[in-house]
$ cat query_13.cif   # mmCIF, C-alpha atoms
data_upload
#
loop_
_atom_site.group_PDB
_atom_site.id
_atom_site.type_symbol
_atom_site.label_atom_id
_atom_site.label_comp_id
_atom_site.auth_asym_id
_atom_site.auth_seq_id
_atom_site.Cartn_x
_atom_site.Cartn_y
_atom_site.Cartn_z
ATOM 1 C CA MET A 51 -277.461 -111.106 -19.645
ATOM 2 C CA PRO A 52 -276.938 -107.568 -20.945
ATOM 3 C CA ASP A 53 -273.234 -108.057 -21.748
ATOM 4 C CA LEU A 54 -273.678 -110.914 -24.223
ATOM 5 C CA PRO A 55 -274.524 -108.810 -27.296
ATOM 6 C CA GLU A 56 -271.015 -107.344 -27.124
ATOM 7 C CA LEU A 57 -269.610 -110.673 -28.253
ATOM 8 C CA ASN A 58 -269.113 -110.981 -31.986
ATOM 9 C CA PRO A 59 -271.824 -113.488 -33.101
ATOM 10 C CA VAL A 60 -269.738 -114.748 -36.022
ATOM 11 C CA VAL A 61 -266.844 -115.643 -33.721
ATOM 12 C CA HIS A 62 -269.096 -116.863 -30.873
ATOM 13 C CA GLY A 63 -270.320 -119.966 -32.726
ATOM 14 C CA ARG A 64 -268.657 -122.968 -31.085
ATOM 15 C CA LEU A 65 -267.227 -124.548 -34.223
ATOM 16 C CA ARG A 66 -266.307 -121.200 -35.796
ATOM 17 C CA LEU A 67 -264.485 -120.217 -32.604
ATOM 18 C CA ALA A 68 -262.604 -123.523 -32.614
ATOM 19 C CA LEU A 69 -261.650 -123.009 -36.265
ATOM 20 C CA LEU A 70 -260.405 -119.465 -35.740
ATOM 21 C CA SER A 71 -258.409 -120.580 -32.666
ATOM 22 C CA LEU A 72 -256.803 -123.430 -34.601
ATOM 23 C CA LEU A 73 -256.019 -121.238 -37.594
ATOM 24 C CA SER A 74 -254.546 -118.533 -35.365
ATOM 25 C CA CYS A 75 -251.497 -120.684 -34.605
ATOM 26 C CA VAL A 76 -250.692 -122.202 -37.995
ATOM 27 C CA GLU A 77 -249.664 -120.599 -41.273
ATOM 28 C CA GLU A 78 -252.427 -122.352 -43.189
ATOM 29 C CA ALA A 79 -254.343 -125.568 -42.714
ATOM 30 C CA GLU A 80 -255.969 -128.142 -44.914
ATOM 31 C CA PHE A 81 -259.692 -128.895 -44.695
ATOM 32 C CA THR A 82 -258.964 -132.480 -43.612
ATOM 33 C CA TRP A 83 -256.676 -131.325 -40.780
ATOM 34 C CA LEU A 84 -259.377 -128.973 -39.492
ATOM 35 C CA ARG A 85 -261.938 -131.762 -39.746
ATOM 36 C CA GLY A 86 -259.676 -134.089 -37.758
ATOM 37 C CA LYS A 87 -259.068 -131.539 -35.015
ATOM 38 C CA THR A 88 -262.712 -130.500 -34.641
ATOM 39 C CA GLU A 89 -264.350 -133.838 -35.492
ATOM 40 C CA ALA A 90 -267.021 -131.901 -37.355
ATOM 41 C CA THR A 91 -268.881 -133.323 -40.331
ATOM 42 C CA ASP A 92 -267.827 -132.204 -43.814
ATOM 43 C CA GLY A 93 -271.094 -130.351 -44.339
ATOM 44 C CA ASN A 94 -271.063 -128.485 -41.042
ATOM 45 C CA LEU A 95 -267.377 -127.672 -41.313
ATOM 46 C CA GLY A 96 -267.771 -126.386 -44.874
ATOM 47 C CA ALA A 97 -270.758 -124.252 -43.870
ATOM 48 C CA GLN A 98 -268.978 -122.683 -40.877
ATOM 49 C CA LEU A 99 -265.823 -122.043 -42.892
ATOM 50 C CA LEU A 100 -267.959 -120.371 -45.552
ATOM 51 C CA LYS A 101 -269.451 -118.071 -42.902
ATOM 52 C CA LEU A 102 -265.973 -117.169 -41.707
ATOM 53 C CA GLU A 103 -264.873 -116.594 -45.289
ATOM 54 C CA GLU A 104 -267.885 -114.357 -45.978
ATOM 55 C CA ALA A 105 -267.056 -112.348 -42.857
ATOM 56 C CA GLY A 106 -263.522 -111.916 -44.191
ATOM 57 C CA TYR A 107 -262.026 -113.830 -41.265
ATOM 58 C CA VAL A 108 -260.476 -116.649 -43.273
ATOM 59 C CA ALA A 109 -259.022 -116.832 -46.763
ATOM 60 C CA VAL A 110 -259.294 -119.924 -48.935
ATOM 61 C CA LYS A 111 -256.785 -121.276 -51.421
ATOM 62 C CA LYS A 112 -257.328 -124.300 -53.628
ATOM 63 C CA LYS A 113 -254.464 -126.199 -55.189
ATOM 64 C CA PHE A 114 -253.514 -129.602 -56.550
ATOM 65 C CA VAL A 115 -250.831 -131.748 -54.941
ATOM 66 C CA LEU A 116 -249.971 -134.893 -56.895
ATOM 67 C CA ARG A 117 -253.238 -134.410 -58.835
ATOM 68 C CA LYS A 118 -255.246 -134.394 -55.584
ATOM 69 C CA PRO A 119 -257.253 -131.246 -54.793
ATOM 70 C CA GLN A 120 -256.356 -129.477 -51.560
ATOM 71 C CA THR A 121 -258.300 -126.694 -49.889
ATOM 72 C CA LEU A 122 -256.186 -124.572 -47.607
ATOM 73 C CA TYR A 123 -257.504 -122.065 -45.099
ATOM 74 C CA ARG A 124 -255.661 -119.293 -43.319
ATOM 75 C CA ILE A 125 -256.801 -116.700 -40.840
ATOM 76 C CA THR A 126 -256.808 -113.135 -42.185
ATOM 77 C CA LYS A 127 -255.658 -110.016 -40.364
ATOM 78 C CA THR A 128 -259.323 -109.118 -39.791
ATOM 79 C CA GLY A 129 -260.008 -112.612 -38.453
ATOM 80 C CA ARG A 130 -257.091 -112.432 -36.037
ATOM 81 C CA GLN A 131 -258.277 -109.021 -34.858
ATOM 82 C CA ALA A 132 -261.842 -110.331 -34.384
ATOM 83 C CA LEU A 133 -260.561 -113.285 -32.350
ATOM 84 C CA THR A 134 -258.404 -111.012 -30.179
ATOM 85 C CA GLU A 135 -261.326 -108.668 -29.549
ATOM 86 C CA TYR A 136 -263.576 -111.634 -28.774
ATOM 87 C CA VAL A 137 -261.131 -112.971 -26.169
ATOM 88 C CA GLN A 138 -260.801 -109.521 -24.613
ATOM 89 C CA ALA A 139 -264.605 -109.194 -24.473
ATOM 90 C CA LEU A 140 -264.918 -112.655 -22.912
ATOM 91 C CA LYS A 141 -262.386 -111.816 -20.222
ATOM 92 C CA LYS A 142 -264.123 -108.522 -19.556
ATOM 93 C CA LEU A 143 -267.496 -110.235 -19.216
ATOM 94 C CA LEU A 144 -266.185 -112.918 -16.922
ATOM 95 C CA GLY A 145 -264.154 -110.489 -14.833
ATOM 96 C CA PRO A 146 -262.731 -112.142 -11.698
ATOM 97 C CA ALA A 147 -264.411 -115.430 -12.663
ATOM 98 C CA VAL A 148 -261.905 -115.857 -15.486
ATOM 99 C CA ASP A 149 -259.279 -117.378 -13.189
ATOM 100 C CA SER A 150 -261.650 -119.551 -11.187
ATOM 101 C CA MET B 110 -272.761 -111.988 -14.583
ATOM 102 C CA GLN B 111 -276.422 -112.638 -13.863
ATOM 103 C CA ASP B 112 -276.991 -116.028 -15.389
ATOM 104 C CA HIS B 113 -274.828 -118.823 -14.041
ATOM 105 C CA THR B 114 -275.381 -120.987 -17.125
ATOM 106 C CA THR B 115 -274.202 -118.199 -19.369
ATOM 107 C CA GLU B 116 -271.138 -117.650 -17.230
ATOM 108 C CA GLN B 117 -270.368 -121.338 -17.572
ATOM 109 C CA GLU B 118 -270.889 -121.074 -21.306
ATOM 110 C CA LEU B 119 -268.477 -118.167 -21.540
ATOM 111 C CA LYS B 120 -265.899 -120.009 -19.461
ATOM 112 C CA GLU B 121 -266.350 -122.996 -21.728
ATOM 113 C CA ARG B 122 -265.703 -120.778 -24.768
ATOM 114 C CA LEU B 123 -262.499 -119.490 -23.202
ATOM 115 C CA SER B 124 -261.440 -123.034 -22.404
ATOM 116 C CA LEU B 125 -262.236 -124.076 -25.997
ATOM 117 C CA ILE B 126 -259.968 -121.332 -27.349
ATOM 118 C CA GLU B 127 -257.124 -122.454 -25.073
ATOM 119 C CA ARG B 128 -257.572 -126.118 -26.014
ATOM 120 C CA MET B 129 -257.647 -125.397 -29.737
ATOM 121 C CA ILE B 130 -254.600 -123.141 -29.606
ATOM 122 C CA THR B 131 -252.700 -125.808 -27.659
ATOM 123 C CA GLU B 132 -253.798 -128.405 -30.191
ATOM 124 C CA GLY B 133 -252.855 -126.222 -33.160
ATOM 125 C CA ARG B 134 -249.429 -125.470 -31.736
ATOM 126 C CA ARG B 135 -248.771 -129.069 -30.826
ATOM 127 C CA ASN B 136 -245.746 -130.297 -32.634
ATOM 128 C CA THR B 137 -246.868 -133.251 -34.702
ATOM 129 C CA GLU B 138 -243.653 -133.443 -36.646
ATOM 130 C CA SER B 139 -241.063 -136.101 -35.947
ATOM 131 C CA TRP B 140 -237.474 -135.249 -36.698
ATOM 132 C CA GLY B 141 -235.509 -137.642 -34.462
ATOM 133 C CA TRP B 142 -234.993 -140.000 -37.406
ATOM 134 C CA THR B 143 -233.240 -137.273 -39.445
ATOM 135 C CA PHE B 144 -230.474 -136.974 -36.843
ATOM 136 C CA VAL B 145 -229.881 -140.737 -36.979
ATOM 137 C CA LEU B 146 -229.988 -140.663 -40.787
ATOM 138 C CA TRP B 147 -227.458 -137.829 -40.949
ATOM 139 C CA GLY B 148 -225.227 -139.592 -38.414
ATOM 140 C CA VAL B 149 -225.129 -142.559 -40.797
ATOM 141 C CA VAL B 150 -224.531 -140.178 -43.749
ATOM 142 C CA TYR B 151 -221.510 -138.645 -41.976
ATOM 143 C CA TYR B 152 -220.094 -142.081 -41.118
ATOM 144 C CA LEU B 153 -220.503 -143.176 -44.751
ATOM 145 C CA ALA B 154 -218.841 -139.999 -46.026
ATOM 146 C CA ILE B 155 -215.950 -140.420 -43.594
ATOM 147 C CA ALA B 156 -215.482 -144.070 -44.560
ATOM 148 C CA TRP B 157 -215.667 -143.287 -48.289
ATOM 149 C CA SER B 158 -213.252 -140.358 -48.094
ATOM 150 C CA ALA B 159 -210.838 -142.312 -45.834
ATOM 151 C CA TRP B 160 -210.670 -145.509 -47.871
ATOM 152 C CA GLY B 161 -211.849 -144.338 -51.276
ATOM 153 C CA HIS B 162 -209.892 -141.075 -51.296
ATOM 154 C CA SER B 163 -212.594 -139.535 -53.480
ATOM 155 C CA VAL B 164 -213.306 -135.815 -53.693
ATOM 156 C CA TRP B 165 -216.924 -136.765 -54.367
ATOM 157 C CA ALA B 166 -217.381 -138.585 -51.027
ATOM 158 C CA TRP B 167 -218.798 -135.670 -49.007
ATOM 159 C CA PRO B 168 -220.827 -133.854 -51.692
ATOM 160 C CA THR B 169 -222.343 -137.130 -52.939
ATOM 161 C CA THR B 170 -223.302 -138.499 -49.525
ATOM 162 C CA ILE B 171 -224.697 -135.113 -48.464
ATOM 163 C CA LEU B 172 -226.747 -134.869 -51.659
ATOM 164 C CA ILE B 173 -228.120 -138.389 -51.099
ATOM 165 C CA GLY B 174 -228.864 -137.464 -47.472
ATOM 166 C CA VAL B 175 -230.763 -134.351 -48.602
ATOM 167 C CA ILE B 176 -232.803 -136.325 -51.159
ATOM 168 C CA VAL B 177 -233.706 -139.080 -48.644
ATOM 169 C CA THR B 178 -234.609 -136.458 -45.998
ATOM 170 C CA VAL B 179 -236.834 -134.477 -48.379
ATOM 171 C CA VAL B 180 -238.621 -137.569 -49.726
ATOM 172 C CA VAL B 181 -239.248 -139.171 -46.303
ATOM 173 C CA ALA B 182 -240.224 -135.820 -44.731
ATOM 174 C CA SER B 183 -242.759 -135.124 -47.505
ATOM 175 C CA LEU B 184 -244.252 -138.599 -47.093
ATOM 176 C CA LYS B 185 -244.497 -138.166 -43.311
ATOM 177 C CA ALA B 186 -245.832 -134.608 -43.473
ATOM 178 C CA GLY B 187 -249.334 -135.624 -44.607
ATOM 179 C CA ASN B 188 -251.817 -132.810 -44.063
ATOM 180 C CA HIS B 189 -250.131 -131.311 -41.005
ATOM 181 C CA PRO B 190 -250.097 -127.539 -41.334
ATOM 182 C CA GLU B 191 -246.889 -125.591 -41.183
ATOM 183 C CA THR B 192 -246.285 -123.391 -38.169
ATOM 184 C CA THR B 193 -244.004 -120.368 -38.018
ATOM 185 C CA LEU B 194 -241.851 -122.221 -35.485
ATOM 186 C CA GLY B 195 -241.568 -125.271 -37.730
ATOM 187 C CA ARG B 196 -240.613 -123.096 -40.698
ATOM 188 C CA ALA B 197 -237.945 -121.292 -38.623
ATOM 189 C CA ILE B 198 -236.343 -124.552 -37.477
ATOM 190 C CA GLY B 199 -236.609 -126.049 -40.969
ATOM 191 C CA ALA B 200 -234.954 -122.975 -42.477
ATOM 192 C CA ILE B 201 -231.887 -123.426 -40.270
ATOM 193 C CA TRP B 202 -231.358 -127.031 -41.329
ATOM 194 C CA ILE B 203 -232.083 -126.420 -45.019
ATOM 195 C CA ALA B 204 -229.549 -123.563 -45.009
ATOM 196 C CA LEU B 205 -227.056 -125.862 -43.260
ATOM 197 C CA GLY B 206 -227.541 -128.555 -45.916
ATOM 198 C CA ILE B 207 -227.039 -126.082 -48.776
ATOM 199 C CA SER B 208 -223.947 -124.547 -47.103
ATOM 200 C CA MET B 209 -222.318 -127.925 -46.493
ATOM 201 C CA PHE B 210 -223.075 -129.233 -49.976
ATOM 202 C CA LEU B 211 -221.692 -126.145 -51.742
ATOM 203 C CA LEU B 212 -218.661 -125.792 -49.478
ATOM 204 C CA PHE B 213 -217.574 -129.419 -49.662
ATOM 205 C CA LEU B 214 -218.231 -129.639 -53.382
ATOM 206 C CA ALA B 215 -216.116 -126.529 -53.991
ATOM 207 C CA LEU B 216 -213.358 -127.647 -51.596
ATOM 208 C CA GLY B 217 -213.287 -131.100 -53.157
ATOM 209 C CA LEU B 218 -213.183 -129.873 -56.752
ATOM 210 C CA SER B 219 -210.545 -127.235 -56.013
ATOM 211 C CA GLY B 220 -208.325 -129.817 -54.318
ATOM 212 C CA ARG B 221 -208.257 -127.833 -51.081
ATOM 213 C CA LEU B 222 -209.847 -130.542 -48.989
ATOM 214 C CA ASN B 223 -206.433 -131.645 -47.749
ATOM 215 C CA ASP B 224 -206.361 -130.271 -44.229
ATOM 216 C CA GLN B 225 -208.468 -132.763 -42.298
ATOM 217 C CA HIS B 226 -208.347 -130.680 -39.112
ATOM 218 C CA LEU B 227 -209.666 -127.546 -40.778
ATOM 219 C CA PHE B 228 -212.280 -129.482 -42.728
ATOM 220 C CA VAL B 229 -213.679 -131.258 -39.674
ATOM 221 C CA ALA B 230 -213.482 -128.095 -37.560
ATOM 222 C CA VAL B 231 -215.663 -126.305 -40.145
ATOM 223 C CA ILE B 232 -218.233 -129.145 -40.190
ATOM 224 C CA SER B 233 -218.335 -129.213 -36.385
ATOM 225 C CA ALA B 234 -218.694 -125.438 -36.113
ATOM 226 C CA ILE B 235 -221.538 -125.387 -38.684
ATOM 227 C CA LEU B 236 -223.329 -128.213 -36.849
ATOM 228 C CA GLY B 237 -222.786 -126.398 -33.546
ATOM 229 C CA MET B 238 -224.339 -123.268 -35.046
ATOM 230 C CA ALA B 239 -227.412 -125.117 -36.381
ATOM 231 C CA ASN B 240 -227.973 -127.109 -33.181
ATOM 232 C CA GLY B 241 -227.391 -124.016 -31.054
ATOM 233 C CA ALA B 242 -229.844 -121.863 -33.052
ATOM 234 C CA SER B 243 -232.457 -124.613 -33.025
ATOM 235 C CA ALA B 244 -231.980 -125.215 -29.273
ATOM 236 C CA LEU B 245 -232.312 -121.509 -28.480
ATOM 237 C CA ILE B 246 -235.536 -121.239 -30.493
ATOM 238 C CA LEU B 247 -236.995 -124.408 -28.951
ATOM 239 C CA ARG B 248 -235.477 -123.733 -25.504
ATOM 240 C CA TRP B 249 -234.269 -127.329 -25.577
ATOM 241 C CA LYS B 250 -231.354 -127.937 -23.214
ATOM 242 C CA VAL B 251 -230.495 -131.394 -24.552
ATOM 243 C CA GLN B 252 -230.024 -130.011 -28.059
ATOM 244 C CA PHE B 253 -227.996 -127.125 -26.690
ATOM 245 C CA ALA B 254 -225.736 -129.716 -25.051
ATOM 246 C CA CYS B 255 -225.252 -131.193 -28.548
ATOM 247 C CA ALA B 256 -224.297 -127.744 -29.825
ATOM 248 C CA VAL B 257 -221.713 -127.468 -27.038
ATOM 249 C CA VAL B 258 -220.284 -130.895 -27.977
ATOM 250 C CA TRP B 259 -219.926 -129.734 -31.614
ATOM 251 C CA TRP B 260 -218.268 -126.463 -30.586
ATOM 252 C CA VAL B 261 -215.854 -128.329 -28.298
ATOM 253 C CA ALA B 262 -215.114 -130.713 -31.176
ATOM 254 C CA ALA B 263 -214.470 -127.765 -33.541
ATOM 255 C CA VAL B 264 -211.927 -126.276 -31.116
ATOM 256 C CA ALA B 265 -210.363 -129.678 -30.363
ATOM 257 C CA MET B 266 -209.792 -130.263 -34.107
ATOM 258 C CA CYS B 267 -207.445 -127.299 -34.196
ATOM 259 C CA PHE B 268 -205.137 -128.658 -31.504
ATOM 260 C CA GLY B 269 -205.308 -132.485 -31.529
ATOM 261 C CA SER B 270 -203.363 -134.988 -33.633
ATOM 262 C CA ASP B 271 -204.934 -136.692 -36.682
ATOM 263 C CA THR B 272 -205.967 -139.694 -34.607
ATOM 264 C CA GLN B 273 -207.328 -137.559 -31.774
ATOM 265 C CA SER B 274 -209.341 -135.341 -34.130
ATOM 266 C CA THR B 275 -210.805 -138.388 -35.902
ATOM 267 C CA ILE B 276 -211.839 -139.943 -32.584
ATOM 268 C CA VAL B 277 -213.369 -136.654 -31.371
ATOM 269 C CA PHE B 278 -215.335 -136.284 -34.619
ATOM 270 C CA LEU B 279 -216.614 -139.878 -34.545
ATOM 271 C CA VAL B 280 -217.639 -139.556 -30.898
ATOM 272 C CA ALA B 281 -219.373 -136.198 -31.558
ATOM 273 C CA ILE B 282 -221.337 -137.776 -34.434
ATOM 274 C CA PHE B 283 -222.307 -140.703 -32.233
ATOM 275 C CA LEU B 284 -223.480 -138.505 -29.342
ATOM 276 C CA CYS B 285 -225.096 -135.631 -31.263
ATOM 277 C CA GLN B 286 -226.581 -137.552 -34.180
ATOM 278 C CA ILE B 287 -227.175 -141.177 -33.233
ATOM 279 C CA VAL B 288 -227.820 -140.914 -29.472
ATOM 280 C CA PHE B 289 -229.606 -137.548 -29.678
ATOM 281 C CA GLY B 290 -231.650 -138.745 -32.666
ATOM 282 C CA ILE B 291 -232.804 -141.878 -30.873
ATOM 283 C CA TYR B 292 -233.568 -139.820 -27.755
ATOM 284 C CA GLY B 293 -235.573 -137.349 -29.876
ATOM 285 C CA ALA B 294 -237.493 -140.138 -31.623
ATOM 286 C CA ILE B 295 -238.388 -141.747 -28.270
ATOM 287 C CA ALA B 296 -239.484 -138.367 -26.834
ATOM 288 C CA GLU B 297 -241.645 -137.721 -29.916
ATOM 289 C CA ALA B 298 -243.214 -141.193 -29.695
ATOM 290 C CA GLN B 299 -243.995 -140.693 -25.991
ATOM 291 C CA GLU B 300 -245.543 -137.282 -26.746
ATOM 292 C CA ARG B 301 -247.755 -138.809 -29.463
ATOM 293 C CA LYS B 302 -248.831 -141.592 -27.069
ATOM 294 C CA ARG B 303 -249.650 -139.143 -24.273
ATOM 295 C CA ARG B 304 -251.686 -136.933 -26.556
ATOM 296 C CA GLY B 305 -255.409 -137.446 -26.485
ATOM 297 C CA SER B 306 -257.787 -136.150 -29.135
ATOM 298 C CA ILE B 307 -259.431 -132.832 -28.359
ATOM 299 C CA HIS B 308 -262.740 -132.084 -29.919
ATOM 300 C CA ALA B 309 -264.475 -128.779 -30.563
#

$ encode --input "query_13.cif" --output "structure tokens"
Amino acid sequence: MPDLPELNPVVHGRLRLALLSLLSCVEEAEFTWLRGKTEATDGNLGAQLLKLEEAGYVAVKKKFVLRKPQTLYRITKTGRQALTEYVQALKKLLGPAVDS
Amino acid sequence: MQDHTTEQELKERLSLIERMITEGRRNTESWGWTFVLWGVVYYLAIAWSAWGHSVWAWPTTILIGVIVTVVVASLKAGNHPETTLGRAIGAIWIALGISMFLLFLALGLSGRLNDQHLFVAVISAILGMANGASALILRWKVQFACAVVWWVAAVAMCFGSDTQSTIVFLVAIFLCQIVFGIYGAIAEAQERKRRGSIHA
């Protein structure tokens, strides 16, 4: 499979891809909302979000609402670009198979 | 594509992206109840201003309506993230609430709230504008029909008698707030029921 290395390995991870896709259509999302949508464990979710944060694909904001801590994530411009490029690469790799 | 398994994996990734985007965009908000609430608010304001003859009837009921809406909406919001679409629709209705509150407070205090026809025509036109803008953004024909009802009511206010204009206003509130609100709430409940959970 010579084409596979063209895919961004940070984006290619199943959970990371799901997270970037979810974050691409909301302004910002809480950790608990992401957990609910992906059904990932806290540990795995936190680890994958950290990888995305380290890659500069998501930004994190912590705040308190009614004395309860909230961790909010939003996709960055770089993250959106990486997701777009990943989708384009996927479509290119699949070629005519993309519609089947 | 040499390896069939890999091709399947790539297709699965593409499908995952589509599913997650659909899930993220899914409207989890429920706003049908606000239309019913505001229908009741308008009826209360009309009753208070008709029998109580108070200049505070409209500004007070609108302020109470705003407070109840904000409190209930914040309690219902939970951890649902805000979307650009949701913010756009919300902005229209928040601006409408502020405009109505300021206008009716100023008209009431200045003693220029005497012309019932003009007053109701302005309310109807503002509601037509908000429903129309929201319907055009959401591409929702039923809400656009509500906008048309409000615009027709606004024009009718300028030509009908006192009794006719009151009837038109009460009917418009019933159709565009109460009936539309209940319809919206049922549609939202059906959408929530139909929705299955999608996992990554």

$ residues_around --input "query_13.cif" --residues "Gln120 (chain A)" --least-positions-apart "2" --cutoff "9 Å" --atoms "all atoms listed in the file" --output "PyMOL selection string"
chain A and resi 80-82+111-115+118+122

$ atom_distance --input "query_13.cif" --atom1 "CA of Thr88 (chain A)" --atom2 "CA of Arg64 (chain A)"
10.2 Å

$ resolve_selection --input "query_13.cif" --expression "the PyMOL selection byres ((chain A and resi 57-60) around 8)" --output "list of chain:residue names"
A:Asp53, A:Leu54, A:Pro55, A:Glu56, A:Val61, A:His62, A:Gly63, A:Arg66, A:Lys101, A:Leu102, A:Ala105, A:Ala132, A:Tyr136, A:Ala139, A:Leu140

$ closest_residue --input "query_13.cif" --among "B:Ala256, B:Glu191, B:Arg135, B:Ser158" --to "Gly237 (chain B)" --atoms "only C-alpha atoms"
B:Ala256

$ closest_atom_pairs --input "query_13.cif" --of "chain A" --to "chain B" --cutoff "10 Å" --atoms "only C-alpha atoms" --output "JSON lines"
{"residue": "A:Met51", "atom": "CA", "partner": "B:Gln111", "partner_atom": "CA", "distance": 6.1}
{"residue": "A:Pro52", "atom": "CA", "partner": "B:Gln111", "partner_atom": "CA", "distance": 8.7}
{"residue": "A:Asp53", "atom": "CA", "partner": "B:Met110", "partner_atom": "CA", "distance": 8.2}
{"residue": "A:Leu54", "atom": "CA", "partner": "B:Thr115", "partner_atom": "CA", "distance": 8.8}
{"residue": "A:His62", "atom": "CA", "partner": "B:Arg122", "partner_atom": "CA", "distance": 8.0}
{"residue": "A:Gly63", "atom": "CA", "partner": "B:Arg122", "partner_atom": "CA", "distance": 9.2}
{"residue": "A:Arg64", "atom": "CA", "partner": "B:Ala309", "partner_atom": "CA", "distance": 7.2}
{"residue": "A:Leu65", "atom": "CA", "partner": "B:Ala309", "partner_atom": "CA", "distance": 6.2}
{"residue": "A:Arg66", "atom": "CA", "partner": "B:Ala309", "partner_atom": "CA", "distance": 9.4}
{"residue": "A:Leu67", "atom": "CA", "partner": "B:Ile126", "partner_atom": "CA", "distance": 7.0}
{"residue": "A:Ala68", "atom": "CA", "partner": "B:Ala309", "partner_atom": "CA", "distance": 5.9}
{"residue": "A:Leu69", "atom": "CA", "partner": "B:Met129", "partner_atom": "CA", "distance": 8.0}
{"residue": "A:Leu70", "atom": "CA", "partner": "B:Ile126", "partner_atom": "CA", "distance": 8.6}
{"residue": "A:Ser71", "atom": "CA", "partner": "B:Ile130", "partner_atom": "CA", "distance": 5.5}
{"residue": "A:Leu72", "atom": "CA", "partner": "B:Gly133", "partner_atom": "CA", "distance": 5.0}
{"residue": "A:Leu73", "atom": "CA", "partner": "B:Gly133", "partner_atom": "CA", "distance": 7.4}
{"residue": "A:Ser74", "atom": "CA", "partner": "B:Ile130", "partner_atom": "CA", "distance": 7.4}
{"residue": "A:Cys75", "atom": "CA", "partner": "B:Gly133", "partner_atom": "CA", "distance": 5.9}
{"residue": "A:Val76", "atom": "CA", "partner": "B:Thr192", "partner_atom": "CA", "distance": 4.6}
{"residue": "A:Glu77", "atom": "CA", "partner": "B:Thr192", "partner_atom": "CA", "distance": 5.4}
{"residue": "A:Glu78", "atom": "CA", "partner": "B:Pro190", "partner_atom": "CA", "distance": 6.0}
{"residue": "A:Ala79", "atom": "CA", "partner": "B:Pro190", "partner_atom": "CA", "distance": 4.9}
{"residue": "A:Glu80", "atom": "CA", "partner": "B:Asn188", "partner_atom": "CA", "distance": 6.3}
{"residue": "A:Phe81", "atom": "CA", "partner": "B:Asn188", "partner_atom": "CA", "distance": 8.8}
{"residue": "A:Thr82", "atom": "CA", "partner": "B:Asn188", "partner_atom": "CA", "distance": 7.2}
{"residue": "A:Trp83", "atom": "CA", "partner": "B:Asn188", "partner_atom": "CA", "distance": 6.0}
{"residue": "A:Leu84", "atom": "CA", "partner": "B:Gly133", "partner_atom": "CA", "distance": 9.5}
{"residue": "A:Arg85", "atom": "CA", "partner": "B:His308", "partner_atom": "CA", "distance": 9.9}
{"residue": "A:Gly86", "atom": "CA", "partner": "B:His308", "partner_atom": "CA", "distance": 8.7}
{"residue": "A:Lys87", "atom": "CA", "partner": "B:His308", "partner_atom": "CA", "distance": 6.3}
{"residue": "A:Thr88", "atom": "CA", "partner": "B:Ala309", "partner_atom": "CA", "distance": 4.8}
{"residue": "A:Glu89", "atom": "CA", "partner": "B:His308", "partner_atom": "CA", "distance": 6.1}
{"residue": "A:Ala90", "atom": "CA", "partner": "B:Ala309", "partner_atom": "CA", "distance": 7.9}
{"residue": "A:Gln120", "atom": "CA", "partner": "B:Asn188", "partner_atom": "CA", "distance": 9.4}
{"residue": "A:Leu122", "atom": "CA", "partner": "B:Pro190", "partner_atom": "CA", "distance": 9.2}
{"residue": "A:Tyr123", "atom": "CA", "partner": "B:Pro190", "partner_atom": "CA", "distance": 10.0}
{"residue": "A:Leu133", "atom": "CA", "partner": "B:Ile126", "partner_atom": "CA", "distance": 9.5}
{"residue": "A:Tyr136", "atom": "CA", "partner": "B:Leu123", "partner_atom": "CA", "distance": 9.7}
{"residue": "A:Val137", "atom": "CA", "partner": "B:Leu123", "partner_atom": "CA", "distance": 7.3}
{"residue": "A:Leu140", "atom": "CA", "partner": "B:Leu119", "partner_atom": "CA", "distance": 6.7}
{"residue": "A:Lys141", "atom": "CA", "partner": "B:Leu123", "partner_atom": "CA", "distance": 8.2}
{"residue": "A:Leu143", "atom": "CA", "partner": "B:Met110", "partner_atom": "CA", "distance": 7.2}
{"residue": "A:Leu144", "atom": "CA", "partner": "B:Glu116", "partner_atom": "CA", "distance": 6.9}
{"residue": "A:Gly145", "atom": "CA", "partner": "B:Met110", "partner_atom": "CA", "distance": 8.7}
{"residue": "A:Ala147", "atom": "CA", "partner": "B:Lys120", "partner_atom": "CA", "distance": 8.3}
{"residue": "A:Val148", "atom": "CA", "partner": "B:Lys120", "partner_atom": "CA", "distance": 7.0}
{"residue": "A:Asp149", "atom": "CA", "partner": "B:Lys120", "partner_atom": "CA", "distance": 9.5}
{"residue": "A:Ser150", "atom": "CA", "partner": "B:Lys120", "partner_atom": "CA", "distance": 9.3}

$ residues_near_point --input "query_13.cif" --point "(-218.6, -130.1, -40.4)" --cutoff "10 Å" --atoms "all atoms listed in the file" --output "PyMOL selection string"
chain B and resi 151+205+209+213+227-237+259+262-263+278

$ closest_residue --input "query_13.cif" --among "B:Tyr292, B:Trp140, B:Trp260, B:Phe283" --to "Val179 (chain B)" --atoms "all atoms listed in the file"
B:Trp140

$ atom_distance --input "query_13.cif" --atom1 "CA of Trp165 (chain B)" --atom2 "CA of Thr275 (chain B)"
19.5 Å

$ closest_residue --input "query_13.cif" --among "B:Gly141, B:Gly290, B:Gly269, B:Gly148" --to "Ala182 (chain B)" --atoms "all atoms listed in the file"
B:Gly141

$ atom_distance --input "query_13.cif" --atom1 "CA of Trp167 (chain B)" --atom2 "CA of Phe144 (chain B)"
16.9 Å

$ resolve_selection --input "query_13.cif" --expression "the PyMOL selection byres ((chain B and resi 241) around 9)" --output "PyMOL selection string"
chain B and resi 236-240+242-246+252-257

$ resolve_selection --input "query_13.cif" --expression "the PyMOL selection byres ((chain A and resi 108) around 7)" --output "PyMOL selection string"
chain A and resi 102-103+106-107+109-110+123-126+129
